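> Next comes the structure file target21.pdb, holding PDB, C-alpha atoms and all ligand atoms.
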```
ATOM      1  CA  MET A   1      44.802  63.378 -59.186  1.00  0.00           C
ATOM      2  CA  ALA A   2      43.393  62.713 -62.681  1.00  0.00           C
ATOM      3  CA  LYS A   3      40.235  60.616 -62.870  1.00  0.00           C
ATOM      4  CA  LEU A   4      39.818  58.344 -65.880  1.00  0.00           C
ATOM      5  CA  LEU A   5      36.672  56.516 -66.947  1.00  0.00           C
ATOM      6  CA  VAL A   6      37.182  53.504 -69.237  1.00  0.00           C
ATOM      7  CA  ILE A   7      33.957  52.376 -70.961  1.00  0.00           C
ATOM      8  CA  TYR A   8      33.426  49.314 -73.121  1.00  0.00           C
ATOM      9  CA  ALA A   9      30.866  47.008 -74.725  1.00  0.00           C
ATOM     10  CA  SER A  10      31.658  43.336 -75.210  1.00  0.00           C
ATOM     11  CA  ASP A  11      29.819  40.107 -76.077  1.00  0.00           C
ATOM     12  CA  TYR A  12      32.689  37.627 -76.205  1.00  0.00           C
ATOM     13  CA  GLY A  13      35.242  39.198 -73.884  1.00  0.00           C
ATOM     14  CA  ASN A  14      37.751  40.605 -76.365  1.00  0.00           C
ATOM     15  CA  THR A  15      36.915  44.275 -75.930  1.00  0.00           C
ATOM     16  CA  LYS A  16      36.530  43.715 -72.187  1.00  0.00           C
ATOM     17  CA  LYS A  17      40.083  42.365 -72.084  1.00  0.00           C
ATOM     18  CA  ALA A  18      41.330  45.341 -74.121  1.00  0.00           C
ATOM     19  CA  ALA A  19      39.506  47.678 -71.709  1.00  0.00           C
ATOM     20  CA  GLU A  20      41.221  46.037 -68.737  1.00  0.00           C
ATOM     21  CA  VAL A  21      44.609  46.498 -70.403  1.00  0.00           C
ATOM     22  CA  VAL A  22      43.868  50.173 -71.217  1.00  0.00           C
ATOM     23  CA  ALA A  23      42.750  50.688 -67.598  1.00  0.00           C
ATOM     24  CA  GLY A  24      45.918  48.966 -66.341  1.00  0.00           C
ATOM     25  CA  GLY A  25      48.060  51.279 -68.452  1.00  0.00           C
ATOM     26  CA  ALA A  26      46.257  54.324 -67.058  1.00  0.00           C
ATOM     27  CA  LYS A  27      46.667  53.041 -63.491  1.00  0.00           C
ATOM     28  CA  SER A  28      50.423  52.653 -64.065  1.00  0.00           C
ATOM     29  CA  VAL A  29      50.680  56.461 -64.101  1.00  0.00           C
ATOM     30  CA  PRO A  30      51.105  57.515 -60.458  1.00  0.00           C
ATOM     31  CA  GLY A  31      48.197  59.478 -59.006  1.00  0.00           C
ATOM     32  CA  THR A  32      45.624  58.257 -61.537  1.00  0.00           C
ATOM     33  CA  GLU A  33      42.222  57.006 -60.407  1.00  0.00           C
ATOM     34  CA  VAL A  34      40.545  54.661 -62.902  1.00  0.00           C
ATOM     35  CA  VAL A  35      36.923  53.496 -63.112  1.00  0.00           C
ATOM     36  CA  LEU A  36      36.109  50.692 -65.574  1.00  0.00           C
ATOM     37  CA  LEU A  37      32.447  50.335 -66.603  1.00  0.00           C
ATOM     38  CA  GLN A  38      30.283  48.535 -69.146  1.00  0.00           C
ATOM     39  CA  ALA A  39      28.602  51.084 -71.414  1.00  0.00           C
ATOM     40  CA  GLU A  40      25.090  50.173 -70.196  1.00  0.00           C
ATOM     41  CA  LYS A  41      26.035  50.957 -66.600  1.00  0.00           C
ATOM     42  CA  VAL A  42      27.492  54.430 -67.109  1.00  0.00           C
ATOM     43  CA  LYS A  43      25.539  57.247 -65.478  1.00  0.00           C
ATOM     44  CA  ALA A  44      25.854  60.970 -66.179  1.00  0.00           C
ATOM     45  CA  GLU A  45      27.602  61.476 -62.836  1.00  0.00           C
ATOM     46  CA  ASP A  46      30.321  58.951 -63.852  1.00  0.00           C
ATOM     47  CA  ALA A  47      31.068  60.975 -66.984  1.00  0.00           C
ATOM     48  CA  LEU A  48      30.890  64.272 -65.112  1.00  0.00           C
ATOM     49  CA  ALA A  49      33.380  63.076 -62.488  1.00  0.00           C
ATOM     50  CA  ALA A  50      35.955  62.024 -65.100  1.00  0.00           C
ATOM     51  CA  ASP A  51      38.775  64.201 -66.410  1.00  0.00           C
ATOM     52  CA  ALA A  52      39.245  61.744 -69.289  1.00  0.00           C
ATOM     53  CA  ILE A  53      37.033  59.137 -70.941  1.00  0.00           C
ATOM     54  CA  ILE A  54      38.367  56.238 -73.003  1.00  0.00           C
ATOM     55  CA  VAL A  55      35.752  54.280 -74.943  1.00  0.00           C
ATOM     56  CA  GLY A  56      36.245  50.871 -76.563  1.00  0.00           C
ATOM     57  CA  SER A  57      33.951  49.109 -79.014  1.00  0.00           C
ATOM     58  CA  PRO A  58      33.927  45.850 -80.939  1.00  0.00           C
ATOM     59  CA  VAL A  59      33.559  46.486 -84.671  1.00  0.00           C
ATOM     60  CA  HIS A  60      30.005  45.478 -85.553  1.00  0.00           C
ATOM     61  CA  MET A  61      28.909  45.495 -89.172  1.00  0.00           C
ATOM     62  CA  GLY A  62      31.660  47.995 -89.900  1.00  0.00           C
ATOM     63  CA  SER A  63      30.699  50.427 -87.181  1.00  0.00           C
ATOM     64  CA  MET A  64      30.482  50.922 -83.421  1.00  0.00           C
ATOM     65  CA  ASP A  65      28.506  48.630 -81.129  1.00  0.00           C
ATOM     66  CA  TRP A  66      24.942  49.849 -80.419  1.00  0.00           C
ATOM     67  CA  ARG A  67      25.632  50.004 -76.681  1.00  0.00           C
ATOM     68  CA  ILE A  68      28.403  52.552 -77.233  1.00  0.00           C
ATOM     69  CA  LYS A  69      26.131  54.671 -79.427  1.00  0.00           C
ATOM     70  CA  THR A  70      23.429  54.362 -76.778  1.00  0.00           C
ATOM     71  CA  PHE A  71      25.889  55.605 -74.151  1.00  0.00           C
ATOM     72  CA  ILE A  72      26.710  58.555 -76.408  1.00  0.00           C
ATOM     73  CA  ASP A  73      23.041  59.438 -76.909  1.00  0.00           C
ATOM     74  CA  ARG A  74      21.681  58.479 -73.470  1.00  0.00           C
ATOM     75  CA  VAL A  75      24.443  59.908 -71.278  1.00  0.00           C
ATOM     76  CA  CYS A  76      26.466  62.321 -73.391  1.00  0.00           C
ATOM     77  CA  GLY A  77      23.488  63.896 -75.185  1.00  0.00           C
ATOM     78  CA  GLY A  78      22.213  65.593 -72.034  1.00  0.00           C
ATOM     79  CA  LEU A  79      25.728  66.643 -71.040  1.00  0.00           C
ATOM     80  CA  TRP A  80      26.276  68.081 -74.529  1.00  0.00           C
ATOM     81  CA  MET A  81      23.260  70.349 -74.019  1.00  0.00           C
ATOM     82  CA  LYS A  82      24.867  71.685 -70.829  1.00  0.00           C
ATOM     83  CA  ASP A  83      28.376  72.006 -72.362  1.00  0.00           C
ATOM     84  CA  ALA A  84      29.471  69.705 -69.534  1.00  0.00           C
ATOM     85  CA  MET A  85      31.902  67.579 -71.545  1.00  0.00           C
ATOM     86  CA  ILE A  86      33.864  70.476 -73.067  1.00  0.00           C
ATOM     87  CA  GLY A  87      37.588  70.272 -72.284  1.00  0.00           C
ATOM     88  CA  LYS A  88      37.525  66.679 -71.028  1.00  0.00           C
ATOM     89  CA  VAL A  89      40.088  64.371 -72.622  1.00  0.00           C
ATOM     90  CA  GLY A  90      38.780  61.611 -74.902  1.00  0.00           C
ATOM     91  CA  ALA A  91      40.344  58.565 -76.551  1.00  0.00           C
ATOM     92  CA  VAL A  92      39.171  55.335 -78.180  1.00  0.00           C
ATOM     93  CA  PHE A  93      40.086  51.720 -78.833  1.00  0.00           C
ATOM     94  CA  ALA A  94      38.469  48.849 -80.717  1.00  0.00           C
ATOM     95  CA  THR A  95      38.678  45.125 -81.349  1.00  0.00           C
ATOM     96  CA  GLY A  96      37.648  43.333 -84.516  1.00  0.00           C
ATOM     97  CA  SER A  97      38.004  40.084 -86.395  1.00  0.00           C
ATOM     98  CA  GLY A  98      40.365  41.600 -88.886  1.00  0.00           C
ATOM     99  CA  TYR A  99      38.423  41.394 -92.118  1.00  0.00           C
ATOM    100  CA  GLY A 100      40.807  42.878 -94.665  1.00  0.00           C
ATOM    101  CA  ASP A 101      43.668  42.499 -92.144  1.00  0.00           C
ATOM    102  CA  THR A 102      43.096  45.729 -90.189  1.00  0.00           C
ATOM    103  CA  GLY A 103      39.420  44.923 -89.903  1.00  0.00           C
ATOM    104  CA  GLY A 104      36.651  46.172 -92.133  1.00  0.00           C
ATOM    105  CA  GLY A 105      35.224  49.120 -90.284  1.00  0.00           C
ATOM    106  CA  ALA A 106      37.900  49.448 -87.572  1.00  0.00           C
ATOM    107  CA  GLU A 107      38.858  52.952 -88.658  1.00  0.00           C
ATOM    108  CA  LEU A 108      35.239  53.988 -89.120  1.00  0.00           C
ATOM    109  CA  THR A 109      34.383  52.648 -85.691  1.00  0.00           C
ATOM    110  CA  MET A 110      37.172  54.623 -84.043  1.00  0.00           C
ATOM    111  CA  LEU A 111      36.595  57.736 -86.126  1.00  0.00           C
ATOM    112  CA  SER A 112      32.872  57.794 -85.443  1.00  0.00           C
ATOM    113  CA  MET A 113      33.501  57.641 -81.689  1.00  0.00           C
ATOM    114  CA  LEU A 114      36.111  60.417 -82.017  1.00  0.00           C
ATOM    115  CA  ASN A 115      33.594  62.394 -84.068  1.00  0.00           C
ATOM    116  CA  ASN A 116      31.169  62.181 -81.138  1.00  0.00           C
ATOM    117  CA  PHE A 117      33.926  63.366 -78.788  1.00  0.00           C
ATOM    118  CA  ALA A 118      34.692  66.310 -81.084  1.00  0.00           C
ATOM    119  CA  GLU A 119      30.994  67.234 -81.078  1.00  0.00           C
ATOM    120  CA  LEU A 120      31.132  67.201 -77.287  1.00  0.00           C
ATOM    121  CA  GLY A 121      34.114  69.594 -77.328  1.00  0.00           C
ATOM    122  CA  MET A 122      36.509  67.036 -75.897  1.00  0.00           C
ATOM    123  CA  ILE A 123      40.284  67.053 -76.396  1.00  0.00           C
ATOM    124  CA  ILE A 124      41.048  64.031 -78.545  1.00  0.00           C
ATOM    125  CA  VAL A 125      44.143  61.908 -77.944  1.00  0.00           C
ATOM    126  CA  PRO A 126      45.692  60.171 -80.977  1.00  0.00           C
ATOM    127  CA  LEU A 127      47.971  57.139 -80.854  1.00  0.00           C
ATOM    128  CA  PRO A 128      51.376  58.453 -82.012  1.00  0.00           C
ATOM    129  CA  LYS A 129      53.387  56.015 -84.090  1.00  0.00           C
ATOM    130  CA  ASN A 130      56.273  55.986 -81.605  1.00  0.00           C
ATOM    131  CA  THR A 131      53.968  54.405 -79.005  1.00  0.00           C
ATOM    132  CA  PRO A 132      55.385  50.993 -78.012  1.00  0.00           C
ATOM    133  CA  GLY A 133      53.179  48.313 -79.608  1.00  0.00           C
ATOM    134  CA  TYR A 134      51.869  50.595 -82.364  1.00  0.00           C
ATOM    135  CA  PRO A 135      52.921  48.399 -85.321  1.00  0.00           C
ATOM    136  CA  LYS A 136      50.807  45.463 -84.065  1.00  0.00           C
ATOM    137  CA  GLY A 137      48.172  47.185 -82.024  1.00  0.00           C
ATOM    138  CA  GLY A 138      47.243  50.555 -83.260  1.00  0.00           C
ATOM    139  CA  LEU A 139      46.144  53.089 -85.781  1.00  0.00           C
ATOM    140  CA  GLN A 140      46.614  56.811 -85.424  1.00  0.00           C
ATOM    141  CA  TRP A 141      43.048  56.956 -84.072  1.00  0.00           C
ATOM    142  CA  GLY A 142      43.644  54.658 -81.116  1.00  0.00           C
ATOM    143  CA  ALA A 143      44.499  51.136 -80.002  1.00  0.00           C
ATOM    144  CA  TYR A 144      43.173  48.233 -82.083  1.00  0.00           C
ATOM    145  CA  ALA A 145      43.406  44.539 -81.280  1.00  0.00           C
ATOM    146  CA  ARG A 146      42.550  41.695 -83.610  1.00  0.00           C
ATOM    147  CA  SER A 147      40.554  38.807 -82.149  1.00  0.00           C
ATOM    148  CA  ALA A 148      40.647  36.355 -85.083  1.00  0.00           C
ATOM    149  CA  GLY A 149      43.307  34.591 -87.144  1.00  0.00           C
ATOM    150  CA  GLU A 150      44.116  34.473 -90.834  1.00  0.00           C
ATOM    151  CA  ASN A 151      40.973  32.481 -91.627  1.00  0.00           C
ATOM    152  CA  LEU A 152      38.833  34.543 -89.265  1.00  0.00           C
ATOM    153  CA  GLU A 153      38.904  31.749 -86.673  1.00  0.00           C
ATOM    154  CA  GLN A 154      38.400  33.193 -83.184  1.00  0.00           C
ATOM    155  CA  THR A 155      41.720  33.411 -81.380  1.00  0.00           C
ATOM    156  CA  GLY A 156      41.047  35.965 -78.666  1.00  0.00           C
ATOM    157  CA  VAL A 157      43.095  39.143 -78.467  1.00  0.00           C
ATOM    158  CA  SER A 158      46.793  38.392 -77.973  1.00  0.00           C
ATOM    159  CA  GLU A 159      49.106  40.310 -75.669  1.00  0.00           C
ATOM    160  CA  ASP A 160      50.941  41.189 -78.863  1.00  0.00           C
ATOM    161  CA  SER A 161      47.921  42.896 -80.378  1.00  0.00           C
ATOM    162  CA  LEU A 162      47.170  44.625 -77.067  1.00  0.00           C
ATOM    163  CA  ALA A 163      50.664  46.040 -76.660  1.00  0.00           C
ATOM    164  CA  ALA A 164      49.637  49.540 -77.677  1.00  0.00           C
ATOM    165  CA  ALA A 165      46.466  49.512 -75.564  1.00  0.00           C
ATOM    166  CA  LYS A 166      48.383  49.717 -72.298  1.00  0.00           C
ATOM    167  CA  ASN A 167      50.459  52.631 -73.533  1.00  0.00           C
ATOM    168  CA  HIS A 168      47.385  54.387 -74.943  1.00  0.00           C
ATOM    169  CA  GLY A 169      45.857  54.273 -71.460  1.00  0.00           C
ATOM    170  CA  ALA A 170      49.067  55.675 -69.955  1.00  0.00           C
ATOM    171  CA  ASN A 171      49.254  58.460 -72.575  1.00  0.00           C
ATOM    172  CA  VAL A 172      45.702  59.533 -71.795  1.00  0.00           C
ATOM    173  CA  ALA A 173      46.377  59.476 -68.036  1.00  0.00           C
ATOM    174  CA  ARG A 174      49.473  61.692 -68.443  1.00  0.00           C
ATOM    175  CA  LEU A 175      47.618  64.175 -70.645  1.00  0.00           C
ATOM    176  CA  ALA A 176      44.640  64.296 -68.268  1.00  0.00           C
ATOM    177  CA  ALA A 177      47.006  65.006 -65.355  1.00  0.00           C
ATOM    178  CA  ALA A 178      48.794  67.734 -67.324  1.00  0.00           C
ATOM    179  CA  LEU A 179      45.484  69.428 -68.226  1.00  0.00           C
ATOM    180  CA  LYS A 180      43.784  68.981 -64.849  1.00  0.00           C
ATOM    181  CA  GLY A 181      42.287  72.298 -63.773  1.00  0.00           C
ATOM    182  CA  ALA A 182      43.166  74.047 -67.037  1.00  0.00           C
ATOM    183  CA  LYS A 183      40.408  76.006 -68.741  1.00  0.00           C
ATOM    184  CA  VAL A 184      41.290  75.575 -72.388  1.00  0.00           C
ATOM    185  CA  PHE A 185      38.110  76.540 -74.239  1.00  0.00           C
ATOM    186  CA  GLY A 186      35.491  79.245 -74.043  1.00  0.00           C
ATOM    187  CA  GLY A 187      37.512  82.439 -73.935  1.00  0.00           C
TER     188      GLY A 187
HETATM  189  C1  LIG B   1      27.330  41.079 -85.343  1.00  0.00           C
HETATM  190  C2  LIG B   1      28.814  41.144 -85.521  1.00  0.00           C
HETATM  191  C3  LIG B   1      29.339  41.918 -86.538  1.00  0.00           C
HETATM  192  C4  LIG B   1      30.719  42.006 -86.717  1.00  0.00           C
HETATM  193  N1  LIG B   1      31.223  42.803 -87.720  1.00  0.00           N
HETATM  194  C5  LIG B   1      32.581  42.925 -87.867  1.00  0.00           C
HETATM  195  C6  LIG B   1      33.120  43.778 -88.874  1.00  0.00           C
HETATM  196  O1  LIG B   1      32.415  44.432 -89.629  1.00  0.00           O
HETATM  197  N2  LIG B   1      34.480  43.871 -88.976  1.00  0.00           N
HETATM  198  C7  LIG B   1      35.307  43.155 -88.159  1.00  0.00           C
HETATM  199  O2  LIG B   1      36.540  43.272 -88.309  1.00  0.00           O
HETATM  200  N3  LIG B   1      34.831  42.350 -87.189  1.00  0.00           N
HETATM  201  C8  LIG B   1      33.475  42.205 -87.032  1.00  0.00           C
HETATM  202  N4  LIG B   1      32.966  41.415 -86.040  1.00  0.00           N
HETATM  203  C9  LIG B   1      33.885  40.722 -85.139  1.00  0.00           C
HETATM  204  C10 LIG B   1      34.032  41.445 -83.802  1.00  0.00           C
HETATM  205  O3  LIG B   1      34.327  42.820 -83.980  1.00  0.00           O
HETATM  206  C11 LIG B   1      35.191  40.837 -82.991  1.00  0.00           C
HETATM  207  O4  LIG B   1      34.991  39.462 -82.842  1.00  0.00           O
HETATM  208  C12 LIG B   1      35.333  41.543 -81.662  1.00  0.00           C
HETATM  209  O5  LIG B   1      36.626  41.294 -81.139  1.00  0.00           O
HETATM  210  C13 LIG B   1      34.279  41.077 -80.670  1.00  0.00           C
HETATM  211  O6  LIG B   1      34.442  41.750 -79.476  1.00  0.00           O
HETATM  212  P1  LIG B   1      33.872  41.197 -78.108  1.00  0.00           P
HETATM  213  O7  LIG B   1      34.544  39.874 -77.842  1.00  0.00           O
HETATM  214  O8  LIG B   1      34.253  42.210 -77.110  1.00  0.00           O
HETATM  215  O9  LIG B   1      32.398  41.041 -78.259  1.00  0.00           O
HETATM  216  C14 LIG B   1      31.597  41.301 -85.856  1.00  0.00           C
HETATM  217  C15 LIG B   1      31.045  40.505 -84.832  1.00  0.00           C
HETATM  218  C16 LIG B   1      29.688  40.437 -84.653  1.00  0.00           C
HETATM  219  C17 LIG B   1      29.123  39.587 -83.530  1.00  0.00           C
END
```
Translate the structure described by the file into structure tokens.


Amino acid sequence: MAKLLVIYASDYGNTKKAAEVVAGGAKSVPGTEVVLLQAEKVKAEDALAADAIIVGSPVHMGSMDWRIKTFIDRVCGGLWMKDAMIGKVGAVFATGSGYGDTGGGAELTMLSMLNNFAELGMIIVPLPKNTPGYPKGGLQWGAYARSAGENLEQTGVSEDSLAAAKNHGANVARLAAALKGAKVFGG
């Protein structure tokens, strides 16, 4: 059984909703166990127990939320020193208001989280363009949902913009199951 940990930070509920949809997609893959946690509550043992970790952030000032970066430093930093995250599967998602349509900083937010995963030696999962929902809810880096309208009025994330999130969760769950027990790195 593959164990997935879905982590998020959220002030207004949009990224929390996206996290729930990602977790639901992962759970739809038979034999997958999913734990959903706010970034502040994640302990080292939660990360250690997971075969795959999916992290979601709101775009804040063009980059990731401070609570996600704190999780990376507080929890993953110590595990990095022990090589304990190497070979785990990692994926990301984000929500944003959509400045400049996609959202100023959405790609940087996702890429900077993926950069942290690469530093940890994790196996990064992209969002392939044939994923259902991709045209409205994704970039190659992961799922992205827009939480504001044309005039940046708050609309909440629509099911439409979350369509890829569910499938991203399922993709990660299938890959984690396929790799479970495999020793990929380290010779
Ligand atoms: C302090 C702050 C900075 C933000 N900066 C950006 C930004 O640079 N680009 C963007 O597209 N959205 C930006 N937003 C909008 C949020 O990313 C968006 O509303 C997101 O969906 C909020 O997620 P949450 O409901 O989970 O808190 C910002 C919001 C806040 C509160």

> Once you count only C-alpha atoms and all ligand atoms, what closest atom pair and distance in Å to one decimal does each residue of chain A within 7 Å of ligand LIG 1 (chain B) have, with rows by chain and rising residue number, as a tab-separated table?


```
residue	atom	partner	partner_atom	distance
A:Ala9	CA	B:LIG1	O8	6.3
A:Ser10	CA	B:LIG1	O8	3.4
A:Asp11	CA	B:LIG1	O9	3.5
A:Tyr12	CA	B:LIG1	O7	3.3
A:Gly13	CA	B:LIG1	O7	4.1
A:Asn14	CA	B:LIG1	O7	3.6
A:Thr15	CA	B:LIG1	O8	3.6
A:Lys16	CA	B:LIG1	O8	5.6
A:Pro58	CA	B:LIG1	O3	4.3
A:Val59	CA	B:LIG1	O3	3.8
A:His60	CA	B:LIG1	N1	3.7
A:Met61	CA	B:LIG1	O1	3.7
A:Gly62	CA	B:LIG1	O1	3.7
A:Ser63	CA	B:LIG1	O1	6.7
A:Thr95	CA	B:LIG1	O5	4.4
A:Gly96	CA	B:LIG1	O3	3.4
A:Ser97	CA	B:LIG1	N3	4.0
A:Gly98	CA	B:LIG1	O2	4.2
A:Tyr99	CA	B:LIG1	O2	4.6
A:Gly103	CA	B:LIG1	O2	3.7
A:Gly104	CA	B:LIG1	N2	4.5
A:Gly105	CA	B:LIG1	N2	5.5
A:Ala106	CA	B:LIG1	O2	6.4
A:Arg146	CA	B:LIG1	O5	6.4
A:Ser147	CA	B:LIG1	O5	4.8
A:Ala148	CA	B:LIG1	O4	6.8
```

> Considering only C-alpha atoms, can you say which of A:Gly181, A:Gly87, A:Pro30, A:Gly25 comes closest to Leu162 (chain A)?

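Closest residue, counting only C-alpha atoms: A:Gly25.
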
> Please indicate the distance in Å from CA of Ile53 (chain A) to CA of Lys129 (chain A), rounded to one decimal place.

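Atom-to-atom, CA of Ile53 (chain A) and CA of Lys129 (chain A) are spaced 21.2 Å apart.
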
> Is there a way to get, as a PyMOL selection string, all residues within 9 Å of the point (40.8, 58.1, -80.5) in file coordinates, counting only C-alpha atoms?

chain A and resi 54-55+90-93+110-111+113-114+117+124-127+140-143

> What does the distance from CA of Val42 (chain A) to CA of Ala165 (chain A) come to in Å, to one decimal?

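Distance reported for this atom pair: 21.3 Å.
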
> For Ala19 (chain A), which residue out of A:Ala2, A:Ser57, A:Glu153, A:Lys69 is the nearest one, using all atoms listed in the file?

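Result for the nearest residue to Ala19 (chain A): A:Ser57.
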
> Give the answer as one residue: which of A:Leu79, A:Ala26, A:Ala18, A:Asp65 has the shortest atom-to-atom distance to Leu48 (chain A), using all atoms listed in the file?

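Ranked by minimum distance to Leu48 (chain A), first place goes to A:Leu79.
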
> Would you list the contacts of Lys82 (chain A) as a PyMOL selection string, taking every protein, DNA or RNA residue within 12 Å and counting all atoms listed in the file, but skipping same-chain residues closer than 6 positions in sequence?

chain A and resi 44+48+75-76+120-121

> Quick check on the file I pasted: which residues fall under the PyMOL selection byres (((chain A and resi 34) around 8) and not hetatm)? Write them as a count of residues only.

11

> CA of Ile7 (chain A) and CA of Asn130 (chain A) are how many Å apart?

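We find that CA of Ile7 (chain A) and CA of Asn130 (chain A) lie 25.0 Å from each other.
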
> Pick the closest to Ala182 (chain A) from A:Ala84, A:Ala170, A:Ala163, A:Asp51: which is it, counting all atoms listed in the file?

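Checking each candidate against Ala182 (chain A), we get A:Asp51 as the closest.
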
> Closest to Ser158 (chain A) among A:Gly56, A:Val21, A:Pro132, A:Met85, using all atoms listed in the file?

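Using all atoms listed in the file, Ser158 (chain A) sits closest to A:Val21.
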
> Tell me which of A:Ala39, A:Ala173, A:Leu108, A:Ile86 sits closest to Met1 (chain A), counting all atoms listed in the file.

A:Ala173

> Find the residues around Val22 (chain A) up to 7 Å (all atoms listed in the file counted), leave out those fewer than 6 positions away in its own chain, and share them as a VMD selection string.

chain A and resid 165 to 166 168 to 169

> Neighbouring residues of Glu40 (chain A) were defined as those with any atom within 9 Å, considering only C-alpha atoms; residues of the same chain fewer than 4 positions away were excluded. Please report them as a PDB file with C-alpha atoms, keeping the file's coordinate frame.


```
ATOM      1  CA  TYR A   8      33.426  49.314 -73.121  1.00  0.00           C
ATOM      2  CA  ALA A   9      30.866  47.008 -74.725  1.00  0.00           C
ATOM      3  CA  ARG A  67      25.632  50.004 -76.681  1.00  0.00           C
ATOM      4  CA  ILE A  68      28.403  52.552 -77.233  1.00  0.00           C
ATOM      5  CA  THR A  70      23.429  54.362 -76.778  1.00  0.00           C
ATOM      6  CA  PHE A  71      25.889  55.605 -74.151  1.00  0.00           C
TER       7      PHE A  71
END
```

> Once the PyMOL selection byres (((chain A and resi 160) around 9) and not hetatm) has been applied to the shown file, what residues remain in the selection, as a list in words?

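Going through the file, the PyMOL selection byres (((chain A and resi 160) around 9) and not hetatm) ends up selecting Gly133, Lys136, Gly137, Ala145, Val157, Ser158, Glu159, Ser161, Leu162, Ala163 and Ala164 of chain A.
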